[in-house]
>>> print(open('final_16.pdb').read())   # PDB, C-alpha atoms and all ligand atoms
ATOM      1  CA  MET A   1      61.575 -57.165 -37.172
ATOM      2  CA  LEU A   2      58.135 -55.837 -37.980
ATOM      3  CA  LEU A   3      55.382 -58.200 -38.949
ATOM      4  CA  ILE A   4      53.010 -56.877 -41.574
ATOM      5  CA  HIS A   5      49.592 -58.358 -42.198
ATOM      6  CA  CYS A   6      48.731 -58.758 -45.889
ATOM      7  CA  PRO A   7      44.930 -58.399 -46.208
ATOM      8  CA  TYR A   8      44.965 -60.502 -49.403
ATOM      9  CA  CYS A   9      47.110 -63.412 -48.155
ATOM     10  CA  GLU A  10      45.562 -62.974 -44.689
ATOM     11  CA  GLU A  11      48.879 -63.702 -42.994
ATOM     12  CA  ASP A  12      51.386 -61.836 -40.840
ATOM     13  CA  ARG A  13      54.676 -61.850 -42.772
ATOM     14  CA  PRO A  14      58.136 -60.319 -42.126
ATOM     15  CA  GLU A  15      58.615 -56.738 -43.328
ATOM     16  CA  LEU A  16      61.332 -57.913 -45.746
ATOM     17  CA  GLU A  17      58.565 -59.267 -48.000
ATOM     18  CA  PHE A  18      57.010 -55.815 -48.393
ATOM     19  CA  ARG A  19      57.850 -52.493 -49.986
ATOM     20  CA  HIS A  20      56.580 -49.132 -48.822
ATOM     21  CA  ALA A  21      54.767 -47.362 -51.665
ATOM     22  CA  GLY A  22      54.102 -43.896 -50.284
ATOM     23  CA  GLU A  23      51.169 -42.099 -48.785
ATOM     24  CA  ALA A  24      47.700 -43.595 -49.271
ATOM     25  CA  HIS A  25      44.549 -41.742 -50.296
ATOM     26  CA  VAL A  26      46.349 -38.968 -52.211
ATOM     27  CA  GLN A  27      43.737 -36.921 -54.077
ATOM     28  CA  ARG A  28      44.857 -36.264 -57.619
ATOM     29  CA  PRO A  29      43.430 -33.326 -59.614
ATOM     30  CA  SER A  30      41.097 -34.101 -62.499
ATOM     31  CA  GLN A  31      42.551 -34.239 -65.993
ATOM     32  CA  SER A  32      40.757 -31.041 -66.910
ATOM     33  CA  VAL A  33      42.959 -29.040 -64.544
ATOM     34  CA  GLU A  34      45.793 -27.153 -66.191
ATOM     35  CA  PRO A  35      49.241 -28.192 -64.996
ATOM     36  CA  GLY A  36      50.306 -25.908 -62.220
ATOM     37  CA  ARG A  37      50.230 -25.657 -58.495
ATOM     38  CA  ALA A  38      47.448 -28.242 -57.946
ATOM     39  CA  VAL A  39      49.277 -30.867 -60.016
ATOM     40  CA  ALA A  40      52.631 -30.089 -58.391
ATOM     41  CA  GLU A  41      51.103 -30.399 -54.915
ATOM     42  CA  ALA A  42      49.469 -33.722 -55.815
ATOM     43  CA  LEU A  43      52.751 -35.062 -57.134
ATOM     44  CA  TYR A  44      55.231 -33.779 -54.580
ATOM     45  CA  LEU A  45      53.643 -32.632 -51.331
ATOM     46  CA  ARG A  46      52.987 -35.167 -48.612
ATOM     47  CA  THR A  47      51.611 -34.640 -45.133
ATOM     48  CA  ASN A  48      54.528 -35.987 -43.008
ATOM     49  CA  THR A  49      52.263 -36.328 -39.982
ATOM     50  CA  ARG A  50      53.447 -37.100 -36.486
ATOM     51  CA  GLY A  51      50.925 -39.687 -35.372
ATOM     52  CA  VAL A  52      48.670 -41.916 -37.434
ATOM     53  CA  VAL A  53      49.648 -42.084 -41.102
ATOM     54  CA  PHE A  54      47.950 -43.966 -43.932
ATOM     55  CA  GLU A  55      50.370 -45.673 -46.305
ATOM     56  CA  ARG A  56      50.384 -47.856 -49.372
ATOM     57  CA  TRP A  57      52.374 -51.073 -49.158
ATOM     58  CA  ARG A  58      53.063 -53.792 -51.686
ATOM     59  CA  HIS A  59      53.598 -57.449 -50.872
ATOM     60  CA  VAL A  60      56.417 -57.769 -53.422
ATOM     61  CA  HIS A  61      57.666 -61.186 -52.263
ATOM     62  CA  GLY A  62      54.193 -62.627 -51.822
ATOM     63  CA  CYS A  63      51.002 -61.959 -53.727
ATOM     64  CA  GLY A  64      52.407 -58.762 -55.309
ATOM     65  CA  ARG A  65      49.303 -56.736 -54.522
ATOM     66  CA  PHE A  66      49.032 -53.209 -53.133
ATOM     67  CA  PHE A  67      47.159 -52.570 -49.906
ATOM     68  CA  ASN A  68      46.886 -49.810 -47.325
ATOM     69  CA  ALA A  69      47.979 -49.650 -43.724
ATOM     70  CA  ALA A  70      47.506 -47.243 -40.852
ATOM     71  CA  ARG A  71      50.702 -46.864 -38.832
ATOM     72  CA  HIS A  72      51.772 -44.648 -35.976
ATOM     73  CA  SER A  73      54.800 -42.715 -37.214
ATOM     74  CA  VAL A  74      56.401 -42.410 -33.771
ATOM     75  CA  SER A  75      56.059 -45.949 -32.439
ATOM     76  CA  ASP A  76      55.970 -47.748 -35.856
ATOM     77  CA  GLU A  77      52.977 -49.690 -34.545
ATOM     78  CA  PHE A  78      50.639 -50.847 -37.308
ATOM     79  CA  LEU A  79      47.031 -50.056 -36.409
ATOM     80  CA  ALA A  80      45.108 -51.419 -39.380
ATOM     81  CA  PHE A  81      45.566 -53.158 -42.717
ATOM     82  CA  TYR A  82      42.977 -52.943 -45.474
ATOM     83  CA  LYS A  83      42.665 -53.649 -49.166
ATOM     84  CA  ALA A  84      43.303 -51.006 -51.810
ATOM     85  CA  GLY A  85      40.117 -49.162 -52.692
ATOM     86  CA  GLU A  86      38.588 -49.560 -49.263
ATOM     87  CA  ALA A  87      37.836 -46.494 -47.144
ATOM     88  CA  LYS A  88      40.160 -45.396 -44.361
ATOM     89  CA  PRO A  89      39.306 -47.166 -41.109
ATOM     90  CA  GLU A  90      38.423 -45.050 -38.120
ATOM     91  CA  ILE A  91      41.307 -45.159 -35.697
ATOM     92  CA  THR A  92      40.195 -44.503 -32.151
ATOM     93  CA  GLY A  93      42.375 -42.877 -29.525
ATOM     94  CA  GLU A  94      44.869 -40.055 -29.587
ATOM     95  CA  ASP A  95      46.181 -39.333 -33.094
ATOM     96  CA  THR A  96      49.413 -37.678 -32.058
ATOM     97  CA  GLY A  97      52.168 -38.681 -29.721
ATOM     98  CA  PRO A  98      53.239 -42.183 -28.732
ATOM     99  CA  ALA A  99      50.748 -44.951 -29.397
ATOM    100  CA  GLN A 100      49.116 -45.941 -26.141
ATOM    101  CA  GLY A 101      45.654 -47.222 -25.452
ATOM    102  CA  ARG A 102      44.786 -47.375 -29.128
ATOM    103  CA  GLU A 103      42.413 -49.965 -30.500
ATOM    104  CA  ILE A 104      43.983 -52.141 -33.185
ATOM    105  CA  ILE A 105      41.696 -52.767 -36.158
ATOM    106  CA  ARG A 106      42.221 -55.576 -38.677
TER     107      ARG A 106
HETATM  108 ZN    ZN B 201      49.963 -60.867 -49.931
END
>>> encode(input="final_16.pdb", output="structure tokens")
Amino acid sequence: MLLIHCPYCEEDRPELEFRHAGEAHVQRPSQSVEPGRAVAEALYLRTNTRGVVFERWRHVHGCGRFFNAARHSVSDEFLAFYKAGEAKPEITGEDTGPAQGREIIR
């Protein structure tokens, strides 16, 4: 079972208390943009990266708040947890392939 660190509760809790909420830091087009390709891409296209991914999570059976996490998509290793609205942390080490020798940031 994965343990996920909620940056608001400041505890490591079982993954069953959390719900994945999609990709983090998705740039949405401004409201002045006509519906079309830019809006469709913002709504439906995701990166699907092999390596470090930035995701939104919600602590549904805890504080109920959304936060972001950096996770390696191959090893499922969580690399960082940070509050919603905060900038992406810099993840050092190789960004693709299995997670090895990577610094864990909390
Ligand atoms: Zn929480």
>>> residues_near_ligand(input="final_16.pdb", ligand="ligand ZN 201 (chain B)", cutoff="12 Å", atoms="all atoms listed in the file", output="ChimeraX atom specification")
/A:4-15,17-19,57-68,81-83
>>> residues_around(input="final_16.pdb", residues="Asn48 (chain A)", least_positions_apart="3", cutoff="10 Å", atoms="only C-alpha atoms", output="short mmCIF file (atom, residue, chain, number, x, y, z; two decimals) with C-alpha atoms, in the coordinates of the input")
data_model
loop_
_atom_site.label_atom_id
_atom_site.label_comp_id
_atom_site.auth_asym_id
_atom_site.auth_seq_id
_atom_site.Cartn_x
_atom_site.Cartn_y
_atom_site.Cartn_z
CA GLU A 23 51.17 -42.10 -48.78
CA LEU A 45 53.64 -32.63 -51.33
CA GLY A 51 50.92 -39.69 -35.37
CA VAL A 53 49.65 -42.08 -41.10
CA SER A 73 54.80 -42.72 -37.21
#
>>> residues_around(input="final_16.pdb", residues="region 32-44 of chain A", least_positions_apart="5", cutoff="12 Å", atoms="all atoms listed in the file", output="ChimeraX atom specification")
/A:22-27
>>> atom_distance(input="final_16.pdb", atom1="CA of His72 (chain A)", atom2="CA of Val52 (chain A)")
4.4 Å
>>> atom_distance(input="final_16.pdb", atom1="CA of Ala87 (chain A)", atom2="CA of Leu2 (chain A)")
24.2 Å
>>> axis_aligned_box(input="final_16.pdb", around="region 76-90 of chain A", padding_each_side="8 Å", output="AutoDock Vina command-line options")
--center_x 46.9 --center_y -49.3 --center_z -43.6 --size_x 34.1 --size_y 24.6 --size_z 34.1
>>> atom_distance(input="final_16.pdb", atom1="CA of Asp76 (chain A)", atom2="CA of Arg28 (chain A)")
27.0 Å
>>> closest_residue(input="final_16.pdb", among="A:Ile91, A:Ala84, A:Leu3, A:Val74", to="Arg50 (chain A)", atoms="all atoms listed in the file")
A:Val74
>>> closest_residue(input="final_16.pdb", among="A:Ala21, A:Glu90, A:Met1, A:Leu16", to="Arg56 (chain A)", atoms="only C-alpha atoms")
A:Ala21
>>> decode(input="final_16.pdb", residues="region 17-48 of chain A", atoms="N, CA, C and O atoms", output="compact mmCIF listing (two decimals), in the first residue's frame")
# COMPACT_ATOMS: atom_id res chain seq x y z
N GLU A 17 -7.25 6.81 1.50
CA GLU A 17 -7.87 8.06 1.95
C GLU A 17 -7.86 9.15 0.88
O GLU A 17 -8.42 10.21 1.08
N PHE A 18 -7.22 8.86 -0.26
CA PHE A 18 -7.00 9.90 -1.26
C PHE A 18 -7.67 9.53 -2.58
O PHE A 18 -7.92 8.37 -2.87
N ARG A 19 -7.90 10.55 -3.39
CA ARG A 19 -8.40 10.33 -4.74
C ARG A 19 -7.55 11.14 -5.72
O ARG A 19 -7.30 12.32 -5.50
N HIS A 20 -7.14 10.45 -6.77
CA HIS A 20 -6.37 11.10 -7.83
C HIS A 20 -7.29 12.09 -8.55
O HIS A 20 -8.44 11.78 -8.83
N ALA A 21 -6.79 13.26 -8.87
CA ALA A 21 -7.64 14.30 -9.47
C ALA A 21 -7.04 14.84 -10.76
O ALA A 21 -7.31 15.97 -11.15
N GLY A 22 -6.22 14.05 -11.44
CA GLY A 22 -5.72 14.45 -12.74
C GLY A 22 -4.39 15.16 -12.70
O GLY A 22 -3.74 15.26 -11.67
N GLU A 23 -4.01 15.63 -13.87
CA GLU A 23 -2.73 16.30 -14.03
C GLU A 23 -2.75 17.68 -13.36
O GLU A 23 -3.75 18.39 -13.43
N ALA A 24 -1.65 18.03 -12.73
CA ALA A 24 -1.52 19.35 -12.10
C ALA A 24 -0.94 20.35 -13.08
O ALA A 24 -0.33 19.97 -14.07
N HIS A 25 -1.14 21.61 -12.80
CA HIS A 25 -0.55 22.72 -13.54
C HIS A 25 -1.00 22.76 -15.01
O HIS A 25 -0.23 23.13 -15.89
N VAL A 26 -2.24 22.38 -15.28
CA VAL A 26 -2.78 22.47 -16.63
C VAL A 26 -3.10 23.94 -16.91
O VAL A 26 -3.80 24.59 -16.13
N GLN A 27 -2.54 24.45 -18.01
CA GLN A 27 -2.78 25.85 -18.38
C GLN A 27 -4.07 25.93 -19.18
O GLN A 27 -4.20 25.31 -20.23
N ARG A 28 -5.01 26.68 -18.67
CA ARG A 28 -6.28 26.83 -19.37
C ARG A 28 -6.27 28.12 -20.17
O ARG A 28 -5.72 29.12 -19.71
N PRO A 29 -6.89 28.14 -21.37
CA PRO A 29 -6.90 29.36 -22.18
C PRO A 29 -7.75 30.43 -21.50
O PRO A 29 -8.66 30.12 -20.72
N SER A 30 -7.46 31.69 -21.82
CA SER A 30 -8.23 32.78 -21.23
C SER A 30 -9.66 32.74 -21.76
O SER A 30 -9.95 32.13 -22.79
N GLN A 31 -10.55 33.41 -21.07
CA GLN A 31 -11.96 33.38 -21.47
C GLN A 31 -12.21 34.12 -22.77
O GLN A 31 -13.25 33.95 -23.38
N SER A 32 -11.25 34.93 -23.19
CA SER A 32 -11.44 35.67 -24.43
C SER A 32 -11.19 34.82 -25.67
O SER A 32 -11.51 35.22 -26.78
N VAL A 33 -10.63 33.63 -25.47
CA VAL A 33 -10.34 32.75 -26.60
C VAL A 33 -11.63 32.08 -27.07
O VAL A 33 -12.43 31.61 -26.26
N GLU A 34 -11.82 32.08 -28.37
CA GLU A 34 -12.98 31.40 -28.94
C GLU A 34 -12.84 29.89 -28.73
O GLU A 34 -11.73 29.36 -28.80
N PRO A 35 -13.95 29.21 -28.46
CA PRO A 35 -13.87 27.76 -28.33
C PRO A 35 -13.30 27.16 -29.61
O PRO A 35 -13.63 27.58 -30.71
N GLY A 36 -12.44 26.23 -29.45
CA GLY A 36 -11.80 25.61 -30.60
C GLY A 36 -10.69 24.70 -30.13
O GLY A 36 -10.78 24.09 -29.06
N ARG A 37 -9.66 24.66 -30.92
CA ARG A 37 -8.58 23.73 -30.65
C ARG A 37 -7.91 23.99 -29.29
O ARG A 37 -7.63 23.06 -28.56
N ALA A 38 -7.65 25.25 -28.94
CA ALA A 38 -6.97 25.55 -27.68
C ALA A 38 -7.80 25.09 -26.48
O ALA A 38 -7.27 24.52 -25.52
N VAL A 39 -9.10 25.28 -26.54
CA VAL A 39 -9.98 24.86 -25.44
C VAL A 39 -10.04 23.34 -25.39
O VAL A 39 -9.97 22.73 -24.32
N ALA A 40 -10.18 22.70 -26.55
CA ALA A 40 -10.24 21.24 -26.60
C ALA A 40 -8.96 20.62 -26.05
O ALA A 40 -9.00 19.65 -25.29
N GLU A 41 -7.81 21.19 -26.41
CA GLU A 41 -6.54 20.67 -25.90
C GLU A 41 -6.45 20.84 -24.40
O GLU A 41 -5.98 19.95 -23.69
N ALA A 42 -6.90 21.98 -23.88
CA ALA A 42 -6.84 22.22 -22.43
C ALA A 42 -7.75 21.25 -21.68
O ALA A 42 -7.45 20.82 -20.57
N LEU A 43 -8.86 20.89 -22.30
CA LEU A 43 -9.81 20.02 -21.63
C LEU A 43 -9.43 18.54 -21.72
O LEU A 43 -9.63 17.79 -20.77
N TYR A 44 -8.90 18.13 -22.87
CA TYR A 44 -8.78 16.69 -23.12
C TYR A 44 -7.37 16.14 -23.28
O TYR A 44 -7.17 14.94 -23.12
N LEU A 45 -6.41 16.96 -23.63
CA LEU A 45 -5.07 16.43 -23.87
C LEU A 45 -4.23 16.49 -22.61
O LEU A 45 -4.14 17.53 -21.96
N ARG A 46 -3.61 15.38 -22.29
CA ARG A 46 -2.72 15.31 -21.13
C ARG A 46 -1.39 14.77 -21.61
O ARG A 46 -1.28 14.14 -22.66
N THR A 47 -0.33 14.98 -20.81
CA THR A 47 1.00 14.69 -21.29
C THR A 47 1.33 13.20 -21.31
O THR A 47 2.04 12.74 -22.17
N ASN A 48 0.88 12.42 -20.32
CA ASN A 48 1.14 10.98 -20.26
C ASN A 48 2.65 10.70 -20.33
O ASN A 48 3.12 9.91 -21.14
